[in-house]
>>> print(open('protein.tsv').read())   # TSV, C-alpha atoms
chain	number	residue	atom	x	y	z
A	1	MET	CA	98.39	91.97	81.86
A	2	GLN	CA	101.61	90.27	80.87
A	3	GLU	CA	102.82	88.86	77.59
A	4	ARG	CA	103.55	85.16	77.62
A	5	ALA	CA	107.18	84.64	76.57
A	6	THR	CA	109.80	81.91	76.50
A	7	VAL	CA	112.68	82.56	78.87
A	8	PRO	CA	116.16	81.66	77.52
A	9	ARG	CA	118.09	79.06	79.50
A	10	GLY	CA	121.74	78.44	80.30
A	11	ARG	CA	124.30	81.20	80.09
A	12	HIS	CA	121.87	83.31	78.05
A	13	ALA	CA	119.24	83.20	80.80
A	14	PRO	CA	118.23	86.57	82.32
A	15	PRO	CA	119.03	87.32	85.98
A	16	LEU	CA	116.98	85.52	88.62
A	17	GLU	CA	115.02	88.66	89.50
A	18	VAL	CA	113.97	89.11	85.87
A	19	ARG	CA	112.97	85.44	85.54
A	20	GLN	CA	110.91	85.63	88.72
A	21	ARG	CA	109.19	88.81	87.54
A	22	ARG	CA	108.30	87.14	84.24
A	23	GLN	CA	107.08	84.03	86.02
A	24	ARG	CA	104.90	86.15	88.31
A	25	GLY	CA	103.48	88.01	85.33
A	26	ARG	CA	102.61	84.74	83.59
A	27	LEU	CA	101.02	83.41	86.77
A	28	PHE	CA	98.97	86.60	87.13
A	29	ALA	CA	97.69	86.27	83.55
A	30	ALA	CA	96.93	82.58	84.09
A	31	ALA	CA	95.17	83.22	87.41
A	32	ALA	CA	93.01	85.93	85.86
A	33	ALA	CA	92.04	83.56	83.03
A	34	VAL	CA	91.19	80.73	85.44
A	35	PHE	CA	89.26	82.98	87.84
A	36	ALA	CA	87.28	84.41	84.92
A	37	ARG	CA	86.56	80.98	83.45
A	38	VAL	CA	85.56	78.94	86.52
A	39	GLY	CA	85.24	81.50	89.33
A	40	TYR	CA	87.42	81.96	92.38
A	41	ALA	CA	85.70	79.23	94.42
A	42	ASP	CA	86.47	76.50	91.87
A	43	ALA	CA	89.93	77.72	90.87
A	44	THR	CA	92.95	75.75	92.08
A	45	ALA	CA	96.68	76.37	92.27
A	46	GLU	CA	97.16	73.39	89.97
A	47	ALA	CA	94.83	74.84	87.32
A	48	ILE	CA	96.58	78.21	87.48
A	49	ALA	CA	100.02	76.63	87.16
A	50	ARG	CA	98.84	74.51	84.22
A	51	GLU	CA	97.36	77.57	82.51
A	52	ALA	CA	100.72	79.33	82.90
A	53	GLY	CA	102.64	76.31	81.60
A	54	MET	CA	104.44	75.93	84.92
A	55	SER	CA	104.64	73.40	87.72
A	56	LYS	CA	102.54	73.68	90.85
A	57	ALA	CA	105.82	73.98	92.77
A	58	THR	CA	106.58	77.18	90.83
A	59	PHE	CA	103.18	78.57	91.78
A	60	TYR	CA	103.99	77.98	95.45
A	61	GLU	CA	107.34	79.73	95.05
A	62	HIS	CA	105.35	82.91	94.42
A	63	PHE	CA	102.13	82.47	96.42
A	64	GLY	CA	101.19	80.62	99.59
A	65	ASN	CA	97.77	79.70	98.21
A	66	LYS	CA	95.14	80.92	95.76
A	67	GLU	CA	94.00	83.62	98.20
A	68	ASP	CA	97.52	85.09	98.22
A	69	CYS	CA	97.43	84.93	94.43
A	70	ILE	CA	94.13	86.77	93.97
A	71	VAL	CA	95.10	89.44	96.51
A	72	ALA	CA	98.42	90.05	94.73
A	73	LEU	CA	96.68	90.08	91.35
A	74	PHE	CA	94.08	92.51	92.69
A	75	ASP	CA	96.82	94.85	93.93
A	76	ALA	CA	98.59	94.73	90.56
A	77	ALA	CA	95.36	95.38	88.64
A	78	THR	CA	94.44	98.28	90.95
A	79	ASP	CA	97.88	99.85	90.45
A	80	MET	CA	97.55	99.48	86.69
A	81	ILE	CA	94.17	101.22	86.62
A	82	LEU	CA	95.27	104.06	88.90
A	83	GLU	CA	98.37	104.60	86.78
A	84	ALA	CA	96.26	104.77	83.61
A	85	MET	CA	93.92	107.29	85.22
A	86	ARG	CA	96.76	109.46	86.53
A	87	ASP	CA	98.52	109.42	83.16
A	88	ALA	CA	95.30	110.43	81.40
A	89	ALA	CA	94.64	113.25	83.88
A	90	ALA	CA	98.19	114.54	83.52
A	91	ARG	CA	97.81	114.80	79.74
A	92	GLU	CA	94.58	116.80	79.95
A	93	ASP	CA	94.29	120.57	80.36
A	94	ALA	CA	94.23	121.12	84.12
A	95	ALA	CA	92.08	124.23	83.62
A	96	ASP	CA	89.22	122.15	82.16
A	97	PRO	CA	87.90	119.74	84.85
A	98	PRO	CA	85.03	118.32	82.69
A	99	ALA	CA	87.50	117.43	79.93
A	100	ARG	CA	89.76	115.80	82.47
A	101	VAL	CA	86.82	113.79	83.86
A	102	HIS	CA	86.04	112.60	80.32
A	103	THR	CA	89.64	111.62	79.61
A	104	THR	CA	90.17	109.91	82.96
A	105	LEU	CA	86.96	107.89	82.69
A	106	GLY	CA	87.94	106.90	79.18
A	107	ALA	CA	91.28	105.61	80.43
A	108	PHE	CA	89.57	103.66	83.22
A	109	LEU	CA	87.04	101.99	80.94
A	110	ASN	CA	89.57	101.32	78.18
A	111	THR	CA	91.81	99.55	80.67
A	112	LEU	CA	88.91	97.37	81.81
A	113	ALA	CA	87.98	96.60	78.21
A	114	ASN	CA	91.55	95.73	77.24
A	115	PHE	CA	92.06	93.36	80.19
A	116	PRO	CA	88.73	91.56	80.63
A	117	ASN	CA	90.03	88.66	82.74
A	118	GLU	CA	91.84	90.96	85.15
A	119	SER	CA	88.77	93.21	85.26
A	120	GLN	CA	86.57	90.29	86.31
A	121	THR	CA	89.04	89.49	89.10
A	122	LEU	CA	89.19	93.13	90.15
A	123	LEU	CA	85.44	93.78	90.21
A	124	VAL	CA	83.68	90.42	90.57
A	125	GLU	CA	85.76	87.49	91.83
A	126	ILE	CA	87.44	89.45	94.61
A	127	VAL	CA	84.08	89.76	96.40
A	128	GLY	CA	83.98	86.04	97.13
A	129	ALA	CA	87.64	85.61	98.02
A	130	GLY	CA	87.37	86.07	101.78
A	131	PRO	CA	87.83	88.79	104.43
A	132	ARG	CA	91.42	89.68	103.50
A	133	ALA	CA	90.45	90.18	99.88
A	134	MET	CA	87.47	92.33	100.86
A	135	GLU	CA	89.70	94.44	103.09
A	136	ARG	CA	91.98	94.95	100.10
A	137	ARG	CA	88.98	95.88	97.95
A	138	ASP	CA	87.80	98.46	100.50
A	139	ARG	CA	91.30	99.92	100.65
A	140	ALA	CA	91.44	100.17	96.84
A	141	LEU	CA	88.09	101.96	96.66
A	142	GLU	CA	89.30	104.38	99.31
A	143	ALA	CA	92.47	105.01	97.30
A	144	VAL	CA	90.54	105.84	94.12
A	145	ALA	CA	88.10	108.04	96.03
A	146	GLN	CA	91.01	109.81	97.70
A	147	TYR	CA	92.58	110.42	94.29
A	148	LEU	CA	89.35	112.02	93.03
A	149	GLU	CA	89.09	114.03	96.23
A	150	GLU	CA	92.62	115.40	95.82
A	151	LEU	CA	92.00	116.38	92.19
A	152	ASN	CA	88.79	118.15	93.16
A	153	GLN	CA	90.37	119.94	96.10
A	154	HIS	CA	93.19	121.20	93.88
A	155	ASP	CA	90.70	122.46	91.27
A	156	ALA	CA	88.45	124.05	93.90
A	157	GLU	CA	91.36	125.92	95.45
A	158	ARG	CA	92.08	127.39	92.02
A	159	GLY	CA	88.43	128.45	91.68
A	160	ILE	CA	87.69	126.40	88.55
A	161	THR	CA	85.20	123.90	90.02
A	162	PRO	CA	82.94	123.58	93.09
A	163	ARG	CA	84.20	121.54	96.03
A	164	LEU	CA	82.64	118.10	96.26
A	165	ALA	CA	80.53	117.48	99.36
A	166	PRO	CA	81.74	114.91	101.91
A	167	PHE	CA	81.47	111.32	100.58
A	168	ASP	CA	80.70	112.49	97.02
A	169	ALA	CA	83.98	111.08	95.73
A	170	PHE	CA	83.25	107.72	97.35
A	171	ALA	CA	79.70	107.78	95.97
A	172	ILE	CA	81.13	108.25	92.47
A	173	VAL	CA	83.58	105.38	92.92
A	174	GLY	CA	80.92	103.08	94.37
A	175	ALA	CA	78.51	103.79	91.52
A	176	VAL	CA	81.19	103.28	88.88
A	177	VAL	CA	82.33	99.99	90.42
A	178	GLU	CA	78.76	98.67	90.57
A	179	LEU	CA	78.00	99.70	86.99
A	180	ALA	CA	81.22	98.11	85.71
A	181	SER	CA	80.73	94.99	87.82
A	182	ARG	CA	77.19	94.55	86.52
A	183	GLN	CA	78.40	94.87	82.92
A	184	ILE	CA	81.05	92.20	83.50
A	185	ARG	CA	78.52	89.83	85.11
A	186	THR	CA	75.71	90.32	82.60
A	187	GLY	CA	77.39	91.53	79.41
A	188	VAL	CA	75.00	94.51	79.30
A	189	PRO	CA	75.85	96.80	77.61
A	190	ALA	CA	77.89	94.77	75.14
A	191	ASP	CA	80.97	96.97	75.54
A	192	ILE	CA	81.92	98.29	78.97
A	193	ARG	CA	83.00	101.57	77.33
A	194	GLU	CA	79.34	102.28	76.58
A	195	LEU	CA	78.99	103.14	80.26
A	196	GLU	CA	81.08	106.29	79.83
A	197	PRO	CA	78.20	108.75	79.18
A	198	VAL	CA	76.21	107.76	82.27
A	199	ILE	CA	79.30	107.76	84.50
A	200	GLU	CA	80.31	111.14	83.13
A	201	ARG	CA	76.83	112.58	83.78
A	202	LEU	CA	76.90	111.18	87.30
A	203	THR	CA	80.33	112.64	88.06
A	204	LEU	CA	79.70	116.06	86.52
A	205	GLY	CA	76.23	116.21	88.08
A	206	LEU	CA	77.64	115.73	91.57
A	207	MET	CA	80.34	118.30	90.87
A	208	ALA	CA	77.80	120.84	89.62
A	209	SER	CA	75.42	120.33	92.55
A	210	SER	CA	78.06	120.55	95.26
A	211	PRO	CA	77.41	123.23	97.89
>>> encode(input="protein.tsv", output="structure tokens")
Amino acid sequence: MQERATVPRGRHAPPLEVRQRRQRGRLFAAAAAVFARVGYADATAEAIAREAGMSKATFYEHFGNKEDCIVALFDAATDMILEAMRDAAAREDAADPPARVHTTLGAFLNTLANFPNESQTLLVEIVGAGPRAMERRDRALEAVAQYLEELNQHDAERGITPRLAPFDAFAIVGAVVELASRQIRTGVPADIRELEPVIERLTLGLMASSP
């Protein structure tokens, strides 16, 4: 998610806030790589710091432990995906809900494909990271479902699409997460973007069959 860069030192060094933001970005990228390579259970703060080219003390300046790290990384990855989806939806013709579904799903899957380590953290490793992480996961799924619900409600009020039935938005999110998670775990299909047609059929099918 972040580019690895050398930070100038001395009087040319950037402000502390900028340095800390860059450090955190490097630690996020390192944590995602370590979690993807060895799994959350076997990851250590030392391994993450080493991957980032930093000291373990620097890791602990940002996170209390590896659970704090994965939760913060999960939040950042969730925000990135939601932003990509919102940007895609905003660029699409609001009068054409199916086209917007296509574009938004494409943005979601492209983001997962472009950041495979972060995607594994977001969809796979977080499940084994403890109760706090699972609470964060549930909250993120609710946020995405709520976003879909709001889009649908807006379109339905304008008379351009049927209103989704209760829990339909969450059903869509749950199905998409499971399909994407399975692809990351098994490598089938070879490219996560190949899931787009089935997810699109699922989403549009629920929209079309809504009461």
>>> closest_residue(input="protein.tsv", among="A:Gln20, A:Asn110, A:Asn117, A:Asn65", to="A:Arg193", atoms="only C-alpha atoms")
A:Asn110
>>> residues_near_point(input="protein.tsv", point="(100.4, 105.8, 86.7)", cutoff="12 Å", atoms="only C-alpha atoms", output="number ranges by chain")
A: 76-91, 104, 107-108, 147
>>> write_last_selection(input="protein.tsv", atoms="C-alpha atoms", output="PDB file, keeping the file's coordinate frame")
ATOM      1  CA  ALA A  76      98.590  94.730  90.560  1.00  0.00           C
ATOM      2  CA  ALA A  77      95.360  95.380  88.640  1.00  0.00           C
ATOM      3  CA  THR A  78      94.440  98.280  90.950  1.00  0.00           C
ATOM      4  CA  ASP A  79      97.880  99.850  90.450  1.00  0.00           C
ATOM      5  CA  MET A  80      97.550  99.480  86.690  1.00  0.00           C
ATOM      6  CA  ILE A  81      94.170 101.220  86.620  1.00  0.00           C
ATOM      7  CA  LEU A  82      95.270 104.060  88.900  1.00  0.00           C
ATOM      8  CA  GLU A  83      98.370 104.600  86.780  1.00  0.00           C
ATOM      9  CA  ALA A  84      96.260 104.770  83.610  1.00  0.00           C
ATOM     10  CA  MET A  85      93.920 107.290  85.220  1.00  0.00           C
ATOM     11  CA  ARG A  86      96.760 109.460  86.530  1.00  0.00           C
ATOM     12  CA  ASP A  87      98.520 109.420  83.160  1.00  0.00           C
ATOM     13  CA  ALA A  88      95.300 110.430  81.400  1.00  0.00           C
ATOM     14  CA  ALA A  89      94.640 113.250  83.880  1.00  0.00           C
ATOM     15  CA  ALA A  90      98.190 114.540  83.520  1.00  0.00           C
ATOM     16  CA  ARG A  91      97.810 114.800  79.740  1.00  0.00           C
ATOM     17  CA  THR A 104      90.170 109.910  82.960  1.00  0.00           C
ATOM     18  CA  ALA A 107      91.280 105.610  80.430  1.00  0.00           C
ATOM     19  CA  PHE A 108      89.570 103.660  83.220  1.00  0.00           C
ATOM     20  CA  TYR A 147      92.580 110.420  94.290  1.00  0.00           C
TER      21      TYR A 147
END
>>> atom_distance(input="protein.tsv", atom1="atom CA of A:Leu164", atom2="atom CA of A:Ser210")
5.3 Å
>>> closest_residue(input="protein.tsv", among="A:Pro189, A:Phe115, A:Ile199, A:Gln23", to="A:Ser55", atoms="all atoms listed in the file")
A:Gln23
>>> residues_around(input="protein.tsv", residues="A:Pro97", least_positions_apart="6", cutoff="9 Å", atoms="all atoms listed in the file", output="compact mmCIF listing (two decimals) with C-alpha atoms, in the coordinates of the input")
# COMPACT_ATOMS: atom_id res chain seq x y z
CA ASN A 152 88.79 118.15 93.16
CA ASP A 155 90.70 122.46 91.27
CA ILE A 160 87.69 126.40 88.55
CA THR A 161 85.20 123.90 90.02
>>> closest_residue(input="protein.tsv", among="A:Glu118, A:Asp75, A:Glu149, A:Glu157", to="A:Ile184", atoms="all atoms listed in the file")
A:Glu118
>>> closest_residue(input="protein.tsv", among="A:Leu179, A:Leu112, A:Thr58, A:Gly159", to="A:Arg19", atoms="only C-alpha atoms")
A:Thr58
>>> decode(input="protein.tsv", residues="stretch 77-202 of chain A", atoms="C-alpha atoms", output="PDB file, in the first residue's frame")
ATOM      1  CA  ALA A  77      -7.073  -1.505   3.805  1.00  0.00           C
ATOM      2  CA  THR A  78     -10.836  -1.231   4.351  1.00  0.00           C
ATOM      3  CA  ASP A  79     -10.699   2.551   3.909  1.00  0.00           C
ATOM      4  CA  MET A  80      -8.678   2.137   0.717  1.00  0.00           C
ATOM      5  CA  ILE A  81     -11.198  -0.280  -0.790  1.00  0.00           C
ATOM      6  CA  LEU A  82     -14.218   1.829   0.165  1.00  0.00           C
ATOM      7  CA  GLU A  83     -12.565   4.909  -1.314  1.00  0.00           C
ATOM      8  CA  ALA A  84     -11.871   3.069  -4.574  1.00  0.00           C
ATOM      9  CA  MET A  85     -15.480   1.899  -4.756  1.00  0.00           C
ATOM     10  CA  ARG A  86     -16.905   5.353  -4.004  1.00  0.00           C
ATOM     11  CA  ASP A  87     -14.627   6.988  -6.581  1.00  0.00           C
ATOM     12  CA  ALA A  88     -15.684   4.447  -9.205  1.00  0.00           C
ATOM     13  CA  ALA A  89     -19.382   4.919  -8.424  1.00  0.00           C
ATOM     14  CA  ALA A  90     -19.042   8.702  -8.602  1.00  0.00           C
ATOM     15  CA  ARG A  91     -17.535   8.490 -12.093  1.00  0.00           C
ATOM     16  CA  GLU A  92     -20.347   6.302 -13.446  1.00  0.00           C
ATOM     17  CA  ASP A  93     -23.676   7.520 -14.820  1.00  0.00           C
ATOM     18  CA  ALA A  94     -25.971   7.650 -11.789  1.00  0.00           C
ATOM     19  CA  ALA A  95     -28.966   6.902 -14.035  1.00  0.00           C
ATOM     20  CA  ASP A  96     -27.556   3.474 -14.958  1.00  0.00           C
ATOM     21  CA  PRO A  97     -27.374   1.282 -11.806  1.00  0.00           C
ATOM     22  CA  PRO A  98     -26.152  -1.891 -13.635  1.00  0.00           C
ATOM     23  CA  ALA A  99     -23.254   0.047 -15.162  1.00  0.00           C
ATOM     24  CA  ARG A 100     -22.405   1.456 -11.762  1.00  0.00           C
ATOM     25  CA  VAL A 101     -22.464  -2.048 -10.250  1.00  0.00           C
ATOM     26  CA  HIS A 102     -20.054  -3.196 -12.970  1.00  0.00           C
ATOM     27  CA  THR A 103     -17.690  -0.267 -12.433  1.00  0.00           C
ATOM     28  CA  THR A 104     -17.770  -0.491  -8.640  1.00  0.00           C
ATOM     29  CA  LEU A 105     -17.104  -4.234  -8.626  1.00  0.00           C
ATOM     30  CA  GLY A 106     -14.261  -3.696 -11.057  1.00  0.00           C
ATOM     31  CA  ALA A 107     -12.700  -1.138  -8.718  1.00  0.00           C
ATOM     32  CA  PHE A 108     -13.069  -3.510  -5.756  1.00  0.00           C
ATOM     33  CA  LEU A 109     -11.473  -6.476  -7.519  1.00  0.00           C
ATOM     34  CA  ASN A 110      -8.735  -4.384  -9.131  1.00  0.00           C
ATOM     35  CA  THR A 111      -7.758  -3.048  -5.720  1.00  0.00           C
ATOM     36  CA  LEU A 112      -7.546  -6.589  -4.331  1.00  0.00           C
ATOM     37  CA  ALA A 113      -5.491  -7.703  -7.327  1.00  0.00           C
ATOM     38  CA  ASN A 114      -3.103  -4.756  -7.075  1.00  0.00           C
ATOM     39  CA  PHE A 115      -2.458  -5.248  -3.343  1.00  0.00           C
ATOM     40  CA  PRO A 116      -2.354  -9.027  -2.826  1.00  0.00           C
ATOM     41  CA  ASN A 117      -0.608  -8.995   0.562  1.00  0.00           C
ATOM     42  CA  GLU A 118      -3.017  -6.448   2.012  1.00  0.00           C
ATOM     43  CA  SER A 119      -5.923  -8.392   0.498  1.00  0.00           C
ATOM     44  CA  GLN A 120      -4.830 -11.567   2.267  1.00  0.00           C
ATOM     45  CA  THR A 121      -4.702  -9.649   5.553  1.00  0.00           C
ATOM     46  CA  LEU A 122      -8.095  -8.084   4.884  1.00  0.00           C
ATOM     47  CA  LEU A 123      -9.921 -11.269   3.902  1.00  0.00           C
ATOM     48  CA  VAL A 124      -7.990 -14.215   5.355  1.00  0.00           C
ATOM     49  CA  GLU A 125      -5.535 -13.473   8.170  1.00  0.00           C
ATOM     50  CA  ILE A 126      -7.897 -11.183  10.072  1.00  0.00           C
ATOM     51  CA  VAL A 127     -10.162 -14.167  10.817  1.00  0.00           C
ATOM     52  CA  GLY A 128      -7.552 -15.736  13.092  1.00  0.00           C
ATOM     53  CA  ALA A 129      -6.400 -12.552  14.793  1.00  0.00           C
ATOM     54  CA  GLY A 130      -8.694 -12.656  17.819  1.00  0.00           C
ATOM     55  CA  PRO A 131     -12.011 -11.185  19.014  1.00  0.00           C
ATOM     56  CA  ARG A 132     -11.052  -7.524  18.534  1.00  0.00           C
ATOM     57  CA  ALA A 133     -10.027  -8.184  14.953  1.00  0.00           C
ATOM     58  CA  MET A 134     -13.242 -10.081  14.255  1.00  0.00           C
ATOM     59  CA  GLU A 135     -15.269  -7.232  15.717  1.00  0.00           C
ATOM     60  CA  ARG A 136     -13.454  -4.898  13.336  1.00  0.00           C
ATOM     61  CA  ARG A 137     -14.179  -7.270  10.441  1.00  0.00           C
ATOM     62  CA  ASP A 138     -17.890  -7.364  11.289  1.00  0.00           C
ATOM     63  CA  ARG A 139     -17.948  -3.571  11.468  1.00  0.00           C
ATOM     64  CA  ALA A 140     -16.250  -3.305   8.058  1.00  0.00           C
ATOM     65  CA  LEU A 141     -18.747  -5.677   6.436  1.00  0.00           C
ATOM     66  CA  GLU A 142     -21.567  -3.639   7.925  1.00  0.00           C
ATOM     67  CA  ALA A 143     -20.017  -0.451   6.519  1.00  0.00           C
ATOM     68  CA  VAL A 144     -19.790  -1.870   2.989  1.00  0.00           C
ATOM     69  CA  ALA A 145     -23.325  -3.265   3.197  1.00  0.00           C
ATOM     70  CA  GLN A 146     -24.575   0.096   4.451  1.00  0.00           C
ATOM     71  CA  TYR A 147     -22.868   1.812   1.512  1.00  0.00           C
ATOM     72  CA  LEU A 148     -24.644  -0.512  -0.946  1.00  0.00           C
ATOM     73  CA  GLU A 149     -27.910   0.006   0.909  1.00  0.00           C
ATOM     74  CA  GLU A 150     -27.604   3.795   0.650  1.00  0.00           C
ATOM     75  CA  LEU A 151     -26.846   3.645  -3.078  1.00  0.00           C
ATOM     76  CA  ASN A 152     -29.834   1.385  -3.664  1.00  0.00           C
ATOM     77  CA  GLN A 153     -32.160   3.517  -1.570  1.00  0.00           C
ATOM     78  CA  HIS A 154     -31.139   6.626  -3.504  1.00  0.00           C
ATOM     79  CA  ASP A 155     -31.729   4.866  -6.847  1.00  0.00           C
ATOM     80  CA  ALA A 156     -35.052   3.396  -5.701  1.00  0.00           C
ATOM     81  CA  GLU A 157     -36.317   6.791  -4.594  1.00  0.00           C
ATOM     82  CA  ARG A 158     -35.591   8.069  -8.102  1.00  0.00           C
ATOM     83  CA  GLY A 159     -37.518   5.129  -9.598  1.00  0.00           C
ATOM     84  CA  ILE A 160     -34.596   3.677 -11.566  1.00  0.00           C
ATOM     85  CA  THR A 161     -34.150   0.384  -9.675  1.00  0.00           C
ATOM     86  CA  PRO A 162     -36.150  -1.845  -7.301  1.00  0.00           C
ATOM     87  CA  ARG A 163     -35.516  -1.526  -3.576  1.00  0.00           C
ATOM     88  CA  LEU A 164     -33.387  -4.317  -2.159  1.00  0.00           C
ATOM     89  CA  ALA A 165     -35.116  -6.534   0.396  1.00  0.00           C
ATOM     90  CA  PRO A 166     -33.873  -6.460   4.011  1.00  0.00           C
ATOM     91  CA  PHE A 167     -30.435  -8.105   4.383  1.00  0.00           C
ATOM     92  CA  ASP A 168     -29.909  -8.318   0.603  1.00  0.00           C
ATOM     93  CA  ALA A 169     -27.023  -5.851   0.756  1.00  0.00           C
ATOM     94  CA  PHE A 170     -25.361  -7.857   3.519  1.00  0.00           C
ATOM     95  CA  ALA A 171     -25.942 -11.083   1.572  1.00  0.00           C
ATOM     96  CA  ILE A 172     -24.135  -9.548  -1.400  1.00  0.00           C
ATOM     97  CA  VAL A 173     -21.206  -8.432   0.756  1.00  0.00           C
ATOM     98  CA  GLY A 174     -20.966 -11.799   2.506  1.00  0.00           C
ATOM     99  CA  ALA A 175     -20.969 -13.706  -0.773  1.00  0.00           C
ATOM    100  CA  VAL A 176     -18.371 -11.417  -2.320  1.00  0.00           C
ATOM    101  CA  VAL A 177     -16.078 -11.686   0.709  1.00  0.00           C
ATOM    102  CA  GLU A 178     -16.308 -15.486   0.715  1.00  0.00           C
ATOM    103  CA  LEU A 179     -15.646 -15.741  -3.021  1.00  0.00           C
ATOM    104  CA  ALA A 180     -12.656 -13.400  -2.791  1.00  0.00           C
ATOM    105  CA  SER A 181     -11.333 -15.099   0.344  1.00  0.00           C
ATOM    106  CA  ARG A 182     -11.548 -18.515  -1.312  1.00  0.00           C
ATOM    107  CA  GLN A 183      -9.649 -17.242  -4.356  1.00  0.00           C
ATOM    108  CA  ILE A 184      -6.876 -15.864  -2.138  1.00  0.00           C
ATOM    109  CA  ARG A 185      -6.612 -19.133  -0.186  1.00  0.00           C
ATOM    110  CA  THR A 186      -6.746 -21.495  -3.156  1.00  0.00           C
ATOM    111  CA  GLY A 187      -5.593 -19.450  -6.143  1.00  0.00           C
ATOM    112  CA  VAL A 188      -8.750 -20.467  -8.041  1.00  0.00           C
ATOM    113  CA  PRO A 189      -9.481 -18.770 -10.359  1.00  0.00           C
ATOM    114  CA  ALA A 190      -5.955 -17.672 -11.209  1.00  0.00           C
ATOM    115  CA  ASP A 191      -6.868 -13.973 -11.218  1.00  0.00           C
ATOM    116  CA  ILE A 192      -9.280 -12.613  -8.626  1.00  0.00           C
ATOM    117  CA  ARG A 193     -10.753 -10.312 -11.291  1.00  0.00           C
ATOM    118  CA  GLU A 194     -12.210 -13.388 -12.993  1.00  0.00           C
ATOM    119  CA  LEU A 195     -14.808 -13.409 -10.232  1.00  0.00           C
ATOM    120  CA  GLU A 196     -16.418 -10.246 -11.590  1.00  0.00           C
ATOM    121  CA  PRO A 197     -19.065 -11.912 -13.827  1.00  0.00           C
ATOM    122  CA  VAL A 198     -20.447 -14.163 -11.081  1.00  0.00           C
ATOM    123  CA  ILE A 199     -20.482 -11.348  -8.512  1.00  0.00           C
ATOM    124  CA  GLU A 200     -22.200  -9.071 -11.008  1.00  0.00           C
ATOM    125  CA  ARG A 201     -24.854 -11.705 -11.777  1.00  0.00           C
ATOM    126  CA  LEU A 202     -25.420 -12.229  -8.064  1.00  0.00           C
TER     127      LEU A 202
END
